[in-house]
Amino acid sequence: MSVLGAPLVGRAQAVPLPRIAADSGKVRAAPDSAKVDSFSFKAAEPPKRDSIRKDSIKAPIARAYSPANLEIAQRSWHWDRDSIFASGALTLGDLLSVVPGVTTLTAGFLMAPQIAALHGDPGATKVYLDGVELDQLQPRNGGIADLAFLPLWTLEDVSVERSAGELRVHLRTWRVDNTTPQTRVDVLSGSDNMNLFRGWYGRRFDNGIALQFSGQQYSTLSSTNPYGDNLGVMSRIGWARGSWSVDAMTVRQSIDRQKGPRGLLFGPATSDGVPAFKGNEGTAYARIAWRDPASDGPWVQLIAATLRTAEDHSTSSTGAPAVAVPGDSVDTVRTRSEYTITGGFTRGALRLSATTRVRSVEHHAFFSSGARAEYANRFVAIGAFTEQALDLTKYSDITARFTPAEWLNIGASASRAAPGDTALGPARSSTRLEAALRFRDRWISAGLISRSAQSMLPLIEMDTSLRRFTVPAATGLTVGIRGPVWRGWELDIDGTSWNDPAPYRPQQQLHTRLWFQSWFLERFPRKNFHLAVELTNDYRTAAYLPVGKNLFGQTSRGGSIWGSMVEIRISSAVISWQYRNMAGYQYESVPGYLMPRLLNIYGVRWEFWN
């Protein structure tokens with residue numbers, strides 16, 4: 001997407017006015033700004049220094065390592081700070097829903113749980129925040145990442161690493177480099193009585209110190225979806241000079257979610273819907289870093305982090321009791337310390353890195369480690385990754401892209417996971433083979449996916465009766481088209497079709513996006529106007545949840561869902577309007593949970609440089 005939210009720092013050029021001499025009343029012309037007088041060819045007096053203090057850019061606060069892009073057809077599932085908000089995504093689940101092979105499973109709108117399942121496996125998604133792996137401490141999640149409450153608004157960068165067997169999402173939090181204070185305000189409103197407010201403030205000082213504060217508050221009210229309110233805050237204090245950086249960051253949010261009804265589409269509401277939850281979650285870390293992972297040479301980062309989740313059994317904001325997921329721990333506060341040592345070396349096309357994590361779990365230390373190697377040149381790009389996870393599962397994968405000609409890309413990926421505990425099921429493997437051909441600036445791609453039989457984690461946050469189950473091996477086909485259509489309009493299509501349906505995985509999925517964007521530079525050469533328009537369609541067949549030994553015991557209703565978005569930027573303000581499910585189609589993402597109809601979201605993002 002375009003950089004719709006990029007700040008425009010405009011400075012008006014001061015024009016010197018004539019000065020009136022006090023003694024004679026005559027007008028004295030201002031000195032010529034030219035260095036050489038055009039008549040006498042003598043050097044003119046240098047202009048006086050501007051009394052306004054100039055902005056300066058300081059050495060950046062450290063950033064986490066980001067893997068190389070190994071996608072074919074010039075695809076890149078990467079969003080910088082501006083394109084995150086320009087995408088229209090309100091949650092991380094919204095953002096990842098466009099990644100090929102990802103099925104987003106949700107029970108409603110903003111406050112509902114959101115799960116990203118890669119090729120039908122919700123446990124294959126791992127999330128890293130500034131290099132800290134975000135373990136799932138919440139008992140209500142059952143070990144599966146709930147993307148609804150991962151704070152998207154705190155980020156400046158999202159990068160997706162899509163191997164054959166895992167989806168690794170690398171998040172980087174917002175940083176500032178300028179000594180001029182940066183302020184931004186977002187205000188959004190919409191259907192389901194949604195109101196959302198965001199605010200940011202950050203600046204660097206002359207001595208290299210960084211100071212940042214930001215916050216987000218939103219609330220929704222609905223009779224057919226989980227609803228409630230959320231308040232989050234983020235702060236950072238740090239210092240950077242030369243190759244060294246030290247910073248401390250904390251993000252915390254309070255959550256008050258009401259129980260979500262279930263069974264509204266095909267029958268009466270049942271009592272096994274999304275449980276209510278009232279509590280808070282947070283992540284905090286202190287980091288010391290030497291050199292940048294993207295620069296040539298060695299680099300090292302040391303991070304001490306704390307993950308925390310707490311459940312409040314008191315009444316919610318509406319007076320209803322905040323009921324926990326059955327089987328929750330008696331201890332309603334869970335914390336985990338995670339100490340990370342990561343470093344690497346870069347030399348030209350070669351990048352090497354290694355990571356060791358030490359976690360404190362119930363007063364015992366657990367070690368996990370991993371390593372990565374990447375190499376890229378004009379003809380080949382290859383990446384290899386290996387890791388032993390906290391549960392002793394050994395992951396390994398290799399992904400490569402070959403470019404024998406400028407118009408031809410060939411991609412391949414293979415993954416294997418060997419659990420250290422037999423209760424987690426047998427070893428599993430996955431492969432993906434793709435090819436893309438460029439024809440008249442349009443890329444056309446096709447691929448083949450294969451997965452072995454594997455044990456699946458249950459979505460207990462959406463159905464507490466579910467238990468771990470095994471799905472058989474499967475193969476699937478992928479197709480893709482991307483490129484220009486007409487007069488600046490672009491088209492992106494990604495589809496997947498499996499030989500058989502399976503729980504969490506519709507048999508067919510197709511995502512289509514028709515979009516246009518332009519700065520209209522011939523009319524607005526200073527880039528103070530931008531227009532972005534897009535029309536989307538998401539098609540999927542029915543999804544399933546197992547009941548006992550029957551893998552297809554619960555069936556959702558799929559459909560073809562249309563959406564649109566318009567964003568207009570004027571100077572540093574962006575006005576946006578989204579229209580989701582604009583045809584008002586009744587459908588479900590997870591069996592039993594009716595998705596919203598005719599969902600409007602509109603608002604403004606406004607950035608200031610003081």
# chains A, B, ... in the order shown; residues from 1 in each chain; ligands from 1

call {"tool": "residues_around", "arguments": {"residues": "Leu433 in chain A", "least_positions_apart": "6", "cutoff": "6 Å", "atoms": "only C-alpha atoms", "output": "list of chain:residue names"}}
result
A:Gly411, A:Ala412, A:Gly447, A:Leu448

call {"tool": "write_last_selection", "arguments": {"atoms": "all heavy atoms", "output": "mmCIF file, in the first residue's frame"}}
result
data_model
loop_
_atom_site.group_PDB
_atom_site.id
_atom_site.type_symbol
_atom_site.label_atom_id
_atom_site.label_comp_id
_atom_site.auth_asym_id
_atom_site.auth_seq_id
_atom_site.Cartn_x
_atom_site.Cartn_y
_atom_site.Cartn_z
ATOM 1 N N GLY A 411 9.976 -20.954 -6.652
ATOM 2 C CA GLY A 411 10.125 -20.958 -5.202
ATOM 3 C C GLY A 411 9.871 -22.328 -4.623
ATOM 4 O O GLY A 411 9.042 -23.094 -5.139
ATOM 5 N N ALA A 412 10.573 -22.659 -3.544
ATOM 6 C CA ALA A 412 10.397 -23.941 -2.887
ATOM 7 C C ALA A 412 10.617 -23.770 -1.392
ATOM 8 O O ALA A 412 11.436 -22.952 -0.965
ATOM 9 C CB ALA A 412 11.362 -24.988 -3.448
ATOM 10 N N GLY A 447 1.115 -23.051 -7.716
ATOM 11 C CA GLY A 447 1.940 -23.809 -6.794
ATOM 12 C C GLY A 447 1.229 -25.046 -6.281
ATOM 13 O O GLY A 447 0.028 -25.254 -6.491
ATOM 14 N N LEU A 448 1.993 -25.868 -5.549
ATOM 15 C CA LEU A 448 1.502 -27.106 -4.970
ATOM 16 C C LEU A 448 1.936 -27.160 -3.509
ATOM 17 O O LEU A 448 3.096 -26.901 -3.177
ATOM 18 C CB LEU A 448 2.063 -28.312 -5.733
ATOM 19 C CG LEU A 448 1.709 -29.700 -5.190
ATOM 20 C CD1 LEU A 448 0.220 -29.957 -5.343
ATOM 21 C CD2 LEU A 448 2.524 -30.778 -5.911
#

call {"tool": "select_by_dssp", "arguments": {"residues": "range 372-554 of chain A", "states": "strand (DSSP E)", "output": "number ranges by chain"}}
result
A: 372-376, 380-388, 394-405, 408-418, 428-439, 442-451, 454-456, 469-471, 474-486, 489-498, 508-518, 529-540, 544-547, 550-554

call {"tool": "closest_atom_pairs", "arguments": {"of": "range 64-137 of chain A", "to": "range 146-150 of chain A", "cutoff": "8 Å", "atoms": "only C-alpha atoms", "output": "tab-separated table"}}
result
residue	atom	partner	partner_atom	distance
A:Thr91	CA	A:Ala148	CA	5.5
A:Leu92	CA	A:Leu147	CA	5.5
A:Gly93	CA	A:Leu147	CA	5.2
A:Leu110	CA	A:Ala148	CA	7.0
A:Met111	CA	A:Ala148	CA	6.8
A:Ala112	CA	A:Ala148	CA	6.9
A:Pro113	CA	A:Ala148	CA	5.6
A:Gln114	CA	A:Ala148	CA	5.2
A:Ile115	CA	A:Asp146	CA	5.6
A:Ala116	CA	A:Leu147	CA	7.6

call {"tool": "write_last_selection", "arguments": {"atoms": "N, CA and C atoms", "output": "mmCIF file, in the first residue's frame"}}
result
data_model
loop_
_atom_site.group_PDB
_atom_site.id
_atom_site.type_symbol
_atom_site.label_atom_id
_atom_site.label_comp_id
_atom_site.auth_asym_id
_atom_site.auth_seq_id
_atom_site.Cartn_x
_atom_site.Cartn_y
_atom_site.Cartn_z
ATOM 1 N N THR A 91 -6.772 -4.763 13.593
ATOM 2 C CA THR A 91 -6.093 -5.760 14.412
ATOM 3 C C THR A 91 -5.032 -6.454 13.568
ATOM 4 N N LEU A 92 -4.134 -7.184 14.242
ATOM 5 C CA LEU A 92 -3.127 -7.938 13.512
ATOM 6 C C LEU A 92 -3.774 -9.028 12.674
ATOM 7 N N GLY A 93 -4.890 -9.576 13.144
ATOM 8 C CA GLY A 93 -5.606 -10.568 12.346
ATOM 9 C C GLY A 93 -6.123 -10.000 11.038
ATOM 10 N N LEU A 110 -14.460 -6.368 16.480
ATOM 11 C CA LEU A 110 -13.222 -5.894 17.070
ATOM 12 C C LEU A 110 -12.820 -6.616 18.351
ATOM 13 N N MET A 111 -13.760 -6.916 19.238
ATOM 14 C CA MET A 111 -13.442 -7.534 20.525
ATOM 15 C C MET A 111 -13.424 -9.060 20.471
ATOM 16 N N ALA A 112 -13.788 -9.635 19.349
ATOM 17 C CA ALA A 112 -13.864 -11.092 19.242
ATOM 18 C C ALA A 112 -12.476 -11.695 19.057
ATOM 19 N N PRO A 113 -12.252 -12.923 19.533
ATOM 20 C CA PRO A 113 -10.966 -13.591 19.294
ATOM 21 C C PRO A 113 -10.686 -13.721 17.806
ATOM 22 N N GLN A 114 -9.407 -13.614 17.439
ATOM 23 C CA GLN A 114 -8.976 -13.754 16.050
ATOM 24 C C GLN A 114 -7.799 -14.717 15.997
ATOM 25 N N ILE A 115 -7.917 -15.716 15.152
ATOM 26 C CA ILE A 115 -6.884 -16.738 15.005
ATOM 27 C C ILE A 115 -6.441 -16.777 13.545
ATOM 28 N N ALA A 116 -5.137 -16.869 13.319
ATOM 29 C CA ALA A 116 -4.607 -17.030 11.961
ATOM 30 C C ALA A 116 -4.077 -18.449 11.828
#

call {"tool": "atom_distance", "arguments": {"atom1": "CA of Gly131 in chain A", "atom2": "CA of Thr340 in chain A"}}
result
8.0 Å

call {"tool": "residues_around", "arguments": {"residues": "range 287-295 of chain A", "least_positions_apart": "3", "cutoff": "9 Å", "atoms": "only C-alpha atoms", "output": "number ranges by chain"}}
result
A: 61-66, 242-249, 298-305, 343-347

call {"tool": "write_last_selection", "arguments": {"atoms": "N, CA, C and O atoms", "output": "mmCIF file, in the first residue's frame"}}
result
data_model
loop_
_atom_site.group_PDB
_atom_site.id
_atom_site.type_symbol
_atom_site.label_atom_id
_atom_site.label_comp_id
_atom_site.auth_asym_id
_atom_site.auth_seq_id
_atom_site.Cartn_x
_atom_site.Cartn_y
_atom_site.Cartn_z
ATOM 1 N N ILE A 61 17.199 4.202 17.730
ATOM 2 C CA ILE A 61 17.065 3.156 18.740
ATOM 3 C C ILE A 61 17.120 1.798 18.038
ATOM 4 O O ILE A 61 16.704 1.658 16.885
ATOM 5 N N ALA A 62 17.614 0.790 18.722
ATOM 6 C CA ALA A 62 17.816 -0.523 18.117
ATOM 7 C C ALA A 62 16.526 -1.091 17.540
ATOM 8 O O ALA A 62 15.429 -0.807 18.021
ATOM 9 N N ARG A 63 16.666 -1.885 16.511
ATOM 10 C CA ARG A 63 15.541 -2.611 15.931
ATOM 11 C C ARG A 63 15.905 -4.087 15.829
ATOM 12 O O ARG A 63 17.083 -4.456 15.742
ATOM 13 N N ALA A 64 14.898 -4.927 15.848
ATOM 14 C CA ALA A 64 15.113 -6.372 15.828
ATOM 15 C C ALA A 64 15.488 -6.835 14.428
ATOM 16 O O ALA A 64 15.243 -6.152 13.422
ATOM 17 N N TYR A 65 16.059 -8.016 14.375
ATOM 18 C CA TYR A 65 16.414 -8.644 13.104
ATOM 19 C C TYR A 65 15.154 -8.954 12.310
ATOM 20 O O TYR A 65 14.144 -9.391 12.852
ATOM 21 N N SER A 66 15.205 -8.722 11.003
ATOM 22 C CA SER A 66 14.083 -9.030 10.118
ATOM 23 C C SER A 66 14.560 -9.966 9.022
ATOM 24 O O SER A 66 15.544 -9.664 8.339
ATOM 25 N N GLY A 242 26.047 6.619 18.137
ATOM 26 C CA GLY A 242 26.969 5.777 17.394
ATOM 27 C C GLY A 242 26.390 4.386 17.186
ATOM 28 O O GLY A 242 25.274 4.206 16.716
ATOM 29 N N SER A 243 27.145 3.369 17.569
ATOM 30 C CA SER A 243 26.730 1.980 17.378
ATOM 31 C C SER A 243 25.975 1.413 18.566
ATOM 32 O O SER A 243 25.485 0.284 18.491
ATOM 33 N N TRP A 244 25.856 2.184 19.662
ATOM 34 C CA TRP A 244 25.260 1.663 20.881
ATOM 35 C C TRP A 244 23.847 2.190 21.085
ATOM 36 O O TRP A 244 23.539 3.323 20.709
ATOM 37 N N SER A 245 22.997 1.351 21.677
ATOM 38 C CA SER A 245 21.617 1.730 21.958
ATOM 39 C C SER A 245 21.163 1.024 23.229
ATOM 40 O O SER A 245 21.453 -0.162 23.424
ATOM 41 N N VAL A 246 20.467 1.763 24.085
ATOM 42 C CA VAL A 246 19.884 1.218 25.306
ATOM 43 C C VAL A 246 18.461 1.750 25.401
ATOM 44 O O VAL A 246 18.243 2.958 25.251
ATOM 45 N N ASP A 247 17.491 0.886 25.639
ATOM 46 C CA ASP A 247 16.115 1.367 25.773
ATOM 47 C C ASP A 247 15.301 0.412 26.636
ATOM 48 O O ASP A 247 15.652 -0.760 26.808
ATOM 49 N N ALA A 248 14.215 0.949 27.182
ATOM 50 C CA ALA A 248 13.245 0.176 27.959
ATOM 51 C C ALA A 248 11.863 0.512 27.417
ATOM 52 O O ALA A 248 11.507 1.691 27.271
ATOM 53 N N MET A 249 11.066 -0.510 27.094
ATOM 54 C CA MET A 249 9.749 -0.329 26.505
ATOM 55 C C MET A 249 8.731 -1.134 27.308
ATOM 56 O O MET A 249 9.021 -2.230 27.787
ATOM 57 N N PRO A 298 29.391 -7.481 12.417
ATOM 58 C CA PRO A 298 28.726 -8.161 13.531
ATOM 59 C C PRO A 298 27.719 -7.261 14.235
ATOM 60 O O PRO A 298 27.787 -6.038 14.143
ATOM 61 N N TRP A 299 26.797 -7.872 14.969
ATOM 62 C CA TRP A 299 25.825 -7.147 15.780
ATOM 63 C C TRP A 299 25.369 -8.047 16.932
ATOM 64 O O TRP A 299 25.404 -9.275 16.815
ATOM 65 N N VAL A 300 24.955 -7.434 18.038
ATOM 66 C CA VAL A 300 24.542 -8.183 19.225
ATOM 67 C C VAL A 300 23.423 -7.419 19.922
ATOM 68 O O VAL A 300 23.440 -6.178 19.967
ATOM 69 N N GLN A 301 22.441 -8.165 20.468
ATOM 70 C CA GLN A 301 21.377 -7.576 21.287
ATOM 71 C C GLN A 301 21.126 -8.473 22.496
ATOM 72 O O GLN A 301 21.080 -9.695 22.359
ATOM 73 N N LEU A 302 20.954 -7.847 23.653
ATOM 74 C CA LEU A 302 20.600 -8.534 24.888
ATOM 75 C C LEU A 302 19.295 -7.951 25.400
ATOM 76 O O LEU A 302 19.177 -6.726 25.558
ATOM 77 N N ILE A 303 18.305 -8.806 25.645
ATOM 78 C CA ILE A 303 16.964 -8.350 26.026
ATOM 79 C C ILE A 303 16.512 -9.115 27.271
ATOM 80 O O ILE A 303 16.582 -10.351 27.315
ATOM 81 N N ALA A 304 16.044 -8.380 28.260
ATOM 82 C CA ALA A 304 15.405 -8.967 29.437
ATOM 83 C C ALA A 304 13.947 -8.531 29.420
ATOM 84 O O ALA A 304 13.647 -7.336 29.550
ATOM 85 N N ALA A 305 13.028 -9.490 29.245
ATOM 86 C CA ALA A 305 11.614 -9.171 29.052
ATOM 87 C C ALA A 305 10.759 -9.870 30.099
ATOM 88 O O ALA A 305 11.141 -10.906 30.655
ATOM 89 N N GLY A 343 22.466 -12.444 18.123
ATOM 90 C CA GLY A 343 23.535 -11.753 17.407
ATOM 91 C C GLY A 343 23.751 -12.380 16.057
ATOM 92 O O GLY A 343 23.177 -13.436 15.726
ATOM 93 N N GLY A 344 24.573 -11.725 15.264
ATOM 94 C CA GLY A 344 24.809 -12.252 13.934
ATOM 95 C C GLY A 344 25.923 -11.520 13.222
ATOM 96 O O GLY A 344 26.592 -10.636 13.786
ATOM 97 N N PHE A 345 26.082 -11.901 11.977
ATOM 98 C CA PHE A 345 27.135 -11.318 11.149
ATOM 99 C C PHE A 345 26.617 -11.218 9.728
ATOM 100 O O PHE A 345 25.998 -12.154 9.206
ATOM 101 N N THR A 346 26.868 -10.074 9.106
ATOM 102 C CA THR A 346 26.445 -9.825 7.725
ATOM 103 C C THR A 346 27.656 -9.431 6.895
ATOM 104 O O THR A 346 28.456 -8.569 7.304
ATOM 105 N N ARG A 347 27.785 -10.051 5.754
ATOM 106 C CA ARG A 347 28.847 -9.693 4.819
ATOM 107 C C ARG A 347 28.318 -9.846 3.410
ATOM 108 O O ARG A 347 28.172 -10.935 2.888
#

call {"tool": "closest_residue", "arguments": {"among": "A:Tyr587, A:Ser465, A:Val187, A:Ser214", "to": "Ala573 in chain A", "atoms": "only C-alpha atoms"}}
result
A:Val187

call {"tool": "closest_residue", "arguments": {"among": "A:Leu167, A:Val132, A:Ala381, A:Met462", "to": "Thr103 in chain A", "atoms": "only C-alpha atoms"}}
result
A:Leu167

call {"tool": "atom_distance", "arguments": {"atom1": "CA of Gly495 in chain A", "atom2": "CA of Arg75 in chain A"}}
result
14.7 Å

call {"tool": "residues_around", "arguments": {"residues": "Gln136 in chain A", "least_positions_apart": "2", "cutoff": "10 Å", "atoms": "only C-alpha atoms", "output": "list of chain:residue names"}}
result
A:Lys126, A:Val127, A:Glu133, A:Leu134, A:Gln138, A:Pro139, A:Arg140, A:Asn141, A:Gly142, A:Gly143, A:Ile144, A:Ala145, A:Asp146, A:Leu307, A:Arg308, A:Thr309

call {"tool": "closest_residue", "arguments": {"among": "A:Ala371, A:Val380, A:Leu392, A:Ala543", "to": "Glu406 in chain A", "atoms": "only C-alpha atoms"}}
result
A:Val380
